[in-house]
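J.: Got a structure for you, model07.cif, holding mmCIF, C-alpha atoms.
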```cif
data_data
#
loop_
_atom_site.label_atom_id
_atom_site.label_comp_id
_atom_site.auth_asym_id
_atom_site.auth_seq_id
_atom_site.Cartn_x
_atom_site.Cartn_y
_atom_site.Cartn_z
CA MET A 1 129.83 103.94 72.93
CA LYS A 2 129.03 101.83 76.00
CA LYS A 3 129.68 104.78 78.32
CA GLU A 4 127.40 106.99 76.20
CA THR A 5 124.67 104.35 76.36
CA ASN A 6 125.05 104.11 80.14
CA ASN A 7 124.84 107.89 80.53
CA GLU A 8 121.74 108.07 78.38
CA GLN A 9 120.08 105.29 80.39
CA LEU A 10 121.01 106.96 83.68
CA ILE A 11 119.37 110.19 82.49
CA LEU A 12 116.22 108.35 81.42
CA GLU A 13 115.96 106.54 84.76
CA ALA A 14 116.51 109.77 86.70
CA ALA A 15 113.98 111.62 84.54
CA GLU A 16 111.34 108.96 85.16
CA VAL A 17 111.75 109.28 88.93
CA GLU A 18 111.65 113.09 88.81
CA PHE A 19 108.59 113.24 86.55
CA LEU A 20 106.67 110.78 88.70
CA GLU A 21 107.63 112.51 91.95
CA LYS A 22 107.15 116.15 90.91
CA GLY A 23 105.10 116.17 87.74
CA TYR A 24 106.13 117.52 84.36
CA LYS A 25 105.76 121.21 85.20
CA ASN A 26 107.78 121.14 88.43
CA THR A 27 110.59 118.94 87.14
CA LEU A 28 113.83 120.69 86.24
CA THR A 29 116.40 119.29 83.83
CA THR A 30 119.14 120.46 86.20
CA THR A 31 117.66 118.26 88.93
CA ILE A 32 117.43 115.32 86.54
CA ALA A 33 121.08 115.75 85.60
CA LYS A 34 122.10 115.89 89.27
CA ARG A 35 120.14 112.72 90.09
CA ALA A 36 121.67 110.96 87.09
CA GLY A 37 125.19 112.04 88.09
CA VAL A 38 125.86 113.83 84.80
CA THR A 39 126.33 117.45 83.79
CA HIS A 40 123.46 119.55 82.53
CA THR A 41 125.40 120.00 79.30
CA MET A 42 125.49 116.24 78.83
CA LEU A 43 121.73 115.96 79.36
CA HIS A 44 121.22 118.72 76.79
CA TYR A 45 123.53 116.85 74.38
CA TYR A 46 121.38 113.71 74.52
CA PHE A 47 117.86 115.16 74.70
CA ARG A 48 117.98 118.91 74.00
CA THR A 49 114.77 119.80 75.88
CA LYS A 50 112.64 118.61 78.79
CA GLU A 51 109.82 117.83 76.36
CA ASN A 52 112.09 115.53 74.32
CA LEU A 53 113.20 113.78 77.48
CA PHE A 54 109.64 113.36 78.71
CA ARG A 55 108.57 112.04 75.32
CA LYS A 56 111.33 109.43 75.38
CA VAL A 57 110.47 108.28 78.91
CA TYR A 58 106.80 108.24 78.01
CA GLN A 59 107.37 106.35 74.77
CA ASN A 60 109.39 103.67 76.54
CA LYS A 61 106.63 103.15 79.09
CA MET A 62 103.91 103.07 76.44
CA LEU A 63 105.82 100.38 74.57
CA LEU A 64 105.94 98.34 77.77
CA LEU A 65 102.23 98.92 78.32
CA GLY A 66 101.47 97.94 74.75
CA ASN A 67 103.50 94.78 75.14
CA SER A 68 101.61 93.93 78.33
CA LEU A 69 98.31 94.27 76.45
CA ASN A 70 99.51 92.13 73.57
CA GLN A 71 100.84 89.28 75.69
CA GLY A 72 99.38 85.99 74.54
CA LEU A 73 98.00 87.37 71.28
CA ASP A 74 101.02 86.23 69.28
CA GLU A 75 101.07 82.75 70.71
CA ASN A 76 99.09 79.61 69.96
CA LEU A 77 97.06 79.69 73.17
CA SER A 78 93.50 78.80 74.01
CA PHE A 79 91.12 81.69 74.64
CA GLU A 80 91.29 81.34 78.43
CA GLU A 81 95.08 81.04 78.35
CA ALA A 82 95.33 84.19 76.24
CA ILE A 83 93.05 86.14 78.60
CA ARG A 84 94.99 84.85 81.61
CA LYS A 85 98.27 86.03 80.10
CA LEU A 86 96.73 89.39 79.22
CA VAL A 87 95.48 89.98 82.77
CA GLU A 88 98.69 88.74 84.40
CA SER A 89 101.05 90.73 82.18
CA HIS A 90 99.05 93.93 82.74
CA PHE A 91 98.98 93.19 86.48
CA ASP A 92 102.77 92.86 86.48
CA PHE A 93 103.13 96.09 84.51
CA VAL A 94 101.03 98.02 87.04
CA ARG A 95 102.94 96.36 89.88
CA GLU A 96 106.26 97.53 88.45
CA ASN A 97 104.91 101.00 87.60
CA PRO A 98 102.34 101.76 90.34
CA ASN A 99 102.48 105.54 89.94
CA LEU A 100 102.76 105.76 86.18
CA LEU A 101 99.10 105.50 85.16
CA ASN A 102 97.99 108.01 87.79
CA PHE A 103 100.74 110.36 86.58
CA ILE A 104 99.60 110.04 82.97
CA LEU A 105 95.99 110.80 83.85
CA THR A 106 96.66 113.74 86.15
CA GLU A 107 99.33 115.30 83.93
CA THR A 108 97.43 115.10 80.65
CA VAL A 109 94.02 116.34 81.82
CA ASN A 110 94.96 120.03 81.98
CA ASN A 111 98.05 120.16 79.78
CA GLU A 112 97.34 120.31 76.05
CA GLU A 113 101.01 119.83 75.17
CA LEU A 114 101.24 116.61 77.17
CA LYS A 115 97.82 115.51 75.97
CA GLN A 116 99.11 115.70 72.40
CA ILE A 117 102.13 113.58 73.32
CA PHE A 118 99.76 111.15 75.00
CA LEU A 119 97.61 110.87 71.88
CA GLU A 120 100.57 110.51 69.57
CA GLU A 121 102.21 107.78 71.64
CA ILE A 122 99.33 105.75 73.01
CA ARG A 123 96.70 105.93 70.24
CA PRO A 124 98.50 103.63 67.75
CA ILE A 125 99.30 101.15 70.53
CA MET A 126 95.76 101.10 71.86
CA LEU A 127 94.17 100.83 68.41
CA ASN A 128 96.41 97.89 67.60
CA SER A 129 95.59 96.20 70.91
CA PHE A 130 91.86 96.86 70.59
CA GLY A 131 91.80 95.40 67.09
CA ARG A 132 93.65 92.24 68.03
CA ILE A 133 91.61 91.66 71.18
CA GLU A 134 88.38 92.37 69.30
CA LYS A 135 89.28 89.57 66.89
CA LEU A 136 90.05 87.22 69.77
CA LEU A 137 86.72 88.01 71.41
CA ALA A 138 84.76 87.66 68.17
CA GLU A 139 86.16 84.20 67.58
CA ALA A 140 85.27 83.13 71.14
CA VAL A 141 81.75 84.52 70.80
CA ALA A 142 81.29 82.66 67.49
CA ASN A 143 82.41 79.45 69.18
CA GLY A 144 79.93 79.98 72.01
CA THR A 145 82.72 80.21 74.58
CA ILE A 146 81.85 83.67 75.93
CA ARG A 147 79.03 86.19 75.86
CA PRO A 148 79.30 89.16 73.43
CA THR A 149 81.92 91.55 74.80
CA LYS A 150 83.67 94.62 73.39
CA SER A 151 87.44 94.95 73.62
CA PHE A 152 87.03 98.37 75.26
CA ASP A 153 84.90 96.87 78.02
CA LEU A 154 87.33 94.01 78.57
CA LEU A 155 90.39 96.27 78.78
CA THR A 156 88.53 98.72 81.03
CA ASN A 157 87.65 95.91 83.43
CA ILE A 158 91.20 94.54 83.44
CA SER A 159 92.73 97.97 83.99
CA SER A 160 90.26 98.86 86.74
CA ILE A 161 90.78 95.83 88.96
CA ASN A 162 94.54 95.68 88.43
CA ILE A 163 95.12 99.36 89.09
CA MET A 164 92.82 99.43 92.14
CA THR A 165 94.75 96.51 93.64
CA PHE A 166 97.82 98.68 93.96
CA ARG A 167 95.94 101.87 94.81
CA ILE A 168 94.37 100.14 97.81
CA LEU A 169 97.41 98.16 98.95
CA PRO A 170 99.16 101.01 100.83
CA PHE A 171 96.00 101.55 102.93
CA ALA A 172 95.33 97.82 103.35
CA LYS A 173 98.74 97.34 104.94
CA ASP A 174 97.60 99.33 107.97
CA PHE A 175 94.75 96.91 108.63
CA LEU A 176 96.68 93.66 108.21
CA THR A 177 97.69 91.79 111.35
CA VAL A 178 100.67 90.45 109.40
CA ASN A 179 102.47 92.61 106.86
CA THR A 180 105.85 90.98 106.38
CA PRO A 181 107.33 91.13 102.85
CA GLU A 182 106.67 87.41 102.40
CA TYR A 183 103.03 87.73 103.45
CA LEU A 184 102.45 90.74 101.19
CA GLU A 185 104.10 88.91 98.29
CA ASN A 186 101.71 85.98 98.73
CA LEU A 187 98.78 88.36 99.09
CA ILE A 188 99.62 90.10 95.82
CA ASN A 189 100.04 86.81 93.99
CA GLU A 190 96.69 85.60 95.31
CA ARG A 191 95.12 88.84 94.16
CA LYS A 192 96.57 88.36 90.68
CA GLU A 193 94.88 84.96 90.41
CA SER A 194 91.67 86.42 91.81
CA ASN A 195 91.70 89.13 89.13
CA VAL A 196 92.21 86.52 86.41
CA GLN A 197 89.25 84.50 87.65
CA PHE A 198 87.09 87.62 87.95
CA ILE A 199 87.70 88.53 84.32
CA LEU A 200 87.18 84.97 83.05
CA ASN A 201 83.95 84.56 85.02
CA ALA A 202 82.64 87.87 83.67
CA LEU A 203 83.24 86.64 80.12
CA ARG A 204 81.76 83.16 80.40
CA VAL A 205 78.24 82.47 79.16
#
```
What does this structure look like when you write it as structure tokens?

T.:
Amino acid sequence: MKKETNNEQLILEAAEVEFLEKGYKNTLTTTIAKRAGVTHTMLHYYFRTKENLFRKVYQNKMLLLGNSLNQGLDENLSFEEAIRKLVESHFDFVRENPNLLNFILTETVNNEELKQIFLEEIRPIMLNSFGRIEKLLAEAVANGTIRPTKSFDLLTNISSINIMTFRILPFAKDFLTVNTPEYLENLINERKESNVQFILNALRV
């Protein structure tokens, strides 16, 4: 059983890399199997089709994204602490998956099949997150802590600044006088705090 689990995980990890590098259309299951170090027959045994494999990879990532959006909402935190955790957890998600969101957007725009998978997987997660964040915002507005704000606007702002941080970073490296791993690590951590403060300041009355 453990070996089967390991093989399945290896296939999923290889599939994620292939999909992100080549896109859904240009990815071959034979190439995924080769990268994973398994036979094509074994890949077919676990997932049957490329669509099933993509759906599984996609579902796993959407669950991680959903968890990043719900961070702090299940805990007894103050409003600012909850927003901080929300921004930071989403920042970390984007940091660990820098190419994923761009892949989702570019792949689903012109592919109805993938768009349907996108809607099936992300809609329940996003509706749940929107509802919970809307409640959090409404309570803060009622308490006079923040100005009236919609959950969609808040999540759009968070996503925009976090995603752009990592879209710009590869270009920014060329203009830095120091770009050692330690310096870049500190720079990213400083940017995370800056993003938190930007969102909090935008919410305050």

J.: Could you list as a list in words every residue that has an atom within 12 Å of (100.1, 89.2, 97.4), using the file's coordinates and counting only C-alpha atoms?

T.: Phe91, Asp92, Arg95, Thr165, Phe166, Leu169, Ala172, Lys173, Asn179, Thr180, Pro181, Glu182, Tyr183, Leu184, Glu185, Asn186, Leu187, Ile188, Asn189, Glu190, Arg191, Lys192, Glu193, Ser194 and Asn195 of chain A

J.: Just C-alpha atoms for this one: save the residues we selected as a short mmCIF file (atom, residue, chain, number, x, y, z; two decimals), keeping the file's coordinate frame.

T.:
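Output file selection_1.cif follows:
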```
data_model
loop_
_atom_site.label_atom_id
_atom_site.label_comp_id
_atom_site.auth_asym_id
_atom_site.auth_seq_id
_atom_site.Cartn_x
_atom_site.Cartn_y
_atom_site.Cartn_z
CA PHE A 91 98.98 93.19 86.48
CA ASP A 92 102.77 92.86 86.48
CA ARG A 95 102.94 96.36 89.88
CA THR A 165 94.75 96.51 93.64
CA PHE A 166 97.82 98.68 93.96
CA LEU A 169 97.41 98.16 98.95
CA ALA A 172 95.33 97.82 103.35
CA LYS A 173 98.74 97.34 104.94
CA ASN A 179 102.47 92.61 106.86
CA THR A 180 105.85 90.98 106.38
CA PRO A 181 107.33 91.13 102.85
CA GLU A 182 106.67 87.41 102.40
CA TYR A 183 103.03 87.73 103.45
CA LEU A 184 102.45 90.74 101.19
CA GLU A 185 104.10 88.91 98.29
CA ASN A 186 101.71 85.98 98.73
CA LEU A 187 98.78 88.36 99.09
CA ILE A 188 99.62 90.10 95.82
CA ASN A 189 100.04 86.81 93.99
CA GLU A 190 96.69 85.60 95.31
CA ARG A 191 95.12 88.84 94.16
CA LYS A 192 96.57 88.36 90.68
CA GLU A 193 94.88 84.96 90.41
CA SER A 194 91.67 86.42 91.81
CA ASN A 195 91.70 89.13 89.13
#
```

J.: Using only C-alpha atoms, which residues sit within 12 Å of Thr49 (chain A) once same-chain residues fewer than 5 positions away are excluded, as JSON, numbers by chain?

T.: {"A": [15, 28, 29, 30, 32, 40, 41, 42, 43, 44, 54, 55, 56]}

J.: Could you tell me which of A:Lys150, A:Lys115, A:Lys61, A:Lys25 comes closest to Leu12 (chain A) if we count all atoms listed in the file?

T.: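 Ranking A:Lys150, A:Lys115, A:Lys61, A:Lys25 by distance to Leu12 (chain A), first place goes to A:Lys61.
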
J.: Which residues are close to region 67-78 of chain A, i.e. within 9 Å by only C-alpha atoms, leaving aside same-chain residues fewer than 2 positions away? Reply as a PDB file with C-alpha atoms, in the coordinates of the input.

T.:
```pdb
ATOM      1  CA  MET A  62     103.910 103.070  76.440  1.00  0.00           C
ATOM      2  CA  LEU A  63     105.820 100.380  74.570  1.00  0.00           C
ATOM      3  CA  LEU A  64     105.940  98.340  77.770  1.00  0.00           C
ATOM      4  CA  LEU A  65     102.230  98.920  78.320  1.00  0.00           C
ATOM      5  CA  GLU A  80      91.290  81.340  78.430  1.00  0.00           C
ATOM      6  CA  GLU A  81      95.080  81.040  78.350  1.00  0.00           C
ATOM      7  CA  ALA A  82      95.330  84.190  76.240  1.00  0.00           C
ATOM      8  CA  ILE A  83      93.050  86.140  78.600  1.00  0.00           C
ATOM      9  CA  ARG A  84      94.990  84.850  81.610  1.00  0.00           C
ATOM     10  CA  LYS A  85      98.270  86.030  80.100  1.00  0.00           C
ATOM     11  CA  LEU A  86      96.730  89.390  79.220  1.00  0.00           C
ATOM     12  CA  VAL A  87      95.480  89.980  82.770  1.00  0.00           C
ATOM     13  CA  GLU A  88      98.690  88.740  84.400  1.00  0.00           C
ATOM     14  CA  SER A  89     101.050  90.730  82.180  1.00  0.00           C
ATOM     15  CA  HIS A  90      99.050  93.930  82.740  1.00  0.00           C
ATOM     16  CA  PHE A  91      98.980  93.190  86.480  1.00  0.00           C
ATOM     17  CA  ASP A  92     102.770  92.860  86.480  1.00  0.00           C
ATOM     18  CA  PHE A  93     103.130  96.090  84.510  1.00  0.00           C
ATOM     19  CA  ILE A 125      99.300 101.150  70.530  1.00  0.00           C
ATOM     20  CA  MET A 126      95.760 101.100  71.860  1.00  0.00           C
ATOM     21  CA  ASN A 128      96.410  97.890  67.600  1.00  0.00           C
ATOM     22  CA  SER A 129      95.590  96.200  70.910  1.00  0.00           C
ATOM     23  CA  ARG A 132      93.650  92.240  68.030  1.00  0.00           C
ATOM     24  CA  ILE A 133      91.610  91.660  71.180  1.00  0.00           C
ATOM     25  CA  LEU A 136      90.050  87.220  69.770  1.00  0.00           C
ATOM     26  CA  LEU A 155      90.390  96.270  78.780  1.00  0.00           C
TER      27      LEU A 155
END
```

J.: For Asn110 (chain A), which residue out of A:Leu137, A:Tyr24, A:Glu13, A:Gly144 is the nearest one, using all atoms listed in the file?

T.: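 The closest residue to Asn110 (chain A) is A:Tyr24.
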
J.: Return the single residue from A:Ala33, A:Val205, A:Asn60, A:Arg48 that is closest to Asn143 (chain A), with distances computed using only C-alpha atoms.

T.: A:Val205

J.: Rounded to one decimal in Å, what is the spacing between CA of Arg123 (chain A) and CA of Phe103 (chain A)?

T.: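 Result for CA of Arg123 (chain A) versus CA of Phe103 (chain A): 17.4 Å, one decimal.
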
J.: With 8 Å of padding per side, what axis-aligned box (centre and edge lengths, Å, one decimal) covers all the listed atoms of region 136-152 of chain A? Give it as lines of an AutoDock Vina configuration file.

T.:
```
center_x = 84.5
center_y = 88.9
center_z = 71.7
size_x = 27.0
size_y = 34.9
size_z = 24.4
```

J.: Measuring atom to atom with all atoms listed in the file, identify which of A:Pro98, A:Pro170, A:Gly23, A:Gly37 is nearest to Leu114 (chain A).

T.: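 Looking only at the distances to Leu114 (chain A), the closest residue turns out to be A:Gly23.
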
J.: One decimal, Å: what's the distance from CA of Asn102 (chain A) over to CA of Ser151 (chain A), could you say?

T.: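 Computing the Euclidean distance for CA of Asn102 (chain A) and CA of Ser151 (chain A) yields 22.0 Å.
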
J.: Would you compute the distance between CA of Asn157 (chain A) and CA of Leu127 (chain A)? Give it in Å to one decimal.

T.: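 Calculated distance between CA of Asn157 (chain A) and CA of Leu127 (chain A) is 17.1 Å.
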